[in-house]
Each structure stands twice: as C-alpha cells, then as structure tokens.
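All remarks here apply to the structure that follows.
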Amino acid sequence: MKAMLELADASRCLVCHDVDATVTGPAWRDVARRYRDHKEIEETLVKRVHEGSSGNWGKETMSANKRAGIDNIRVLVHWILTLR
C-alpha cells in the first residue's frame with residue numbers, strides 16, 4: 001500500500017482523495033465498494049480520472065489528471081478497486 005500511496009501523492013490524487021475518508025472526492029474504499037463487482041468499469045474509471053468527469057459522486061467535479069500519465073492512472077485505479 002505504501003508504494004501506491006506514494007504514487008498517488010506524486011500524481012496529486014491525495015489533494016482530493018483519501019483511502020478511508022471523503023475529502024473533496026470520495027474515499028477510495030467507497031469507490032471500490034461501488035465498483036468492485038463491475039469488471040468492465042476499470043477502463044471507464046481510468047478515462048474519468050484522465051479526462052475528468054462530473055455527476056458520479058454528487059455535485060463535485062473530478063478534474064482531469066493528465067499529469068499522472070495514463071499508465072500510472074491504470075495502476076492506481078486497479079489498486080483502488082482491490083481495496084476492502
């Protein structure tokens with residue numbers, strides 16, 4: 001988990017997210033609970049993080065995060081979906 005949190009921090013994800021607590025965006029364990037049984041969702045979530053999205057978790061907007069790089073986003077989304 002430490003390596004994933006370091007990658008998330010370097011990618012500036014932790015500005016809006018936390019593993020267990022809602023910050024601006026949802027807690028990642030909540031994301032995992034919502035989507036873990038939806039195998040086809042992983043690439044959709046990667047796209048939402050990379051390009052930004054809105055309306056999925058209330059009124060807050062997910063800003064695009066292109067600086068993290070698509071490969072790092074894939075790694076982080078995959079990890080988030082494994083959280084219990």
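Chains: A, B, ... in order of the structure tokens. Residues: from 1 per chain. Ligands: from 1, in order shown.
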
With only C-alpha atoms as the counted atoms, please give the residues lying no more than 7 Å from segment 7-18 of chain A, apart from itself and same-chain residues fewer than 4 positions off, as a list in words.
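The contact residues come out as Ala3, Thr22, Val23, Thr24, Gly25, Pro26, Ala27, Trp28, Arg67 and Ala68 of chain A.
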
Near-Lys39 of chain A list (12 Å; only C-alpha atoms; drop same-chain fewer than 5 positions) as a list in words
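So the residues in contact are Ala32, Arg34, Thr44, Leu45, His78, Leu81 and Thr82 of chain A.
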
For a test of reading the model, state the distance in Å between atom CA of Arg84 of chain A and atom CA of Ala64 of chain A, rounded to one decimal.
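Computed distance, atom CA of Arg84 of chain A to atom CA of Ala64 of chain A, equals 25.8 Å.
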
Distance in Å - atom CA of Arg48 of chain A versus atom CA of Arg36 of chain A:
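Computing it gives 16.2 Å between the two atoms.
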
Surrounding residues of Ile80 of chain A excluding itself and chain neighbours under 5 positions, 10 Å, only C-alpha atoms, as a ChimeraX atom specification
/A:4,19,27-33,35-36,42,74-75

May I have all residues of segment 2-67 of chain A that DSSP, computed from the backbone, assigns to strand (DSSP E or B), given as a PyMOL selection string?
chain A and resi 53-54+61-62

Please produce a file of those selected residues containing N, CA, C and O atoms, as a short mmCIF file (atom, residue, chain, number, x, y, z; two decimals), in the first residue's frame.
data_model
loop_
_atom_site.label_atom_id
_atom_site.label_comp_id
_atom_site.auth_asym_id
_atom_site.auth_seq_id
_atom_site.Cartn_x
_atom_site.Cartn_y
_atom_site.Cartn_z
N SER A 53 -14.51 14.18 -14.93
CA SER A 53 -15.92 13.78 -15.03
C SER A 53 -16.71 14.53 -13.97
O SER A 53 -16.16 15.19 -13.11
N SER A 54 -18.03 14.39 -14.05
CA SER A 54 -18.88 15.02 -13.04
C SER A 54 -20.17 14.21 -12.90
O SER A 54 -20.54 13.46 -13.80
N THR A 61 -16.98 18.01 -9.16
CA THR A 61 -16.39 17.67 -10.45
C THR A 61 -15.02 17.05 -10.25
O THR A 61 -14.24 17.54 -9.44
N MET A 62 -14.76 15.98 -10.97
CA MET A 62 -13.43 15.36 -10.96
C MET A 62 -12.61 16.06 -12.03
O MET A 62 -12.93 15.96 -13.22
#

Nearest to Gly69 of chain A, restricted to only C-alpha atoms and choosing among A:Glu40, A:Ala21, A:Lys2, A:His50, comes out as A:His50
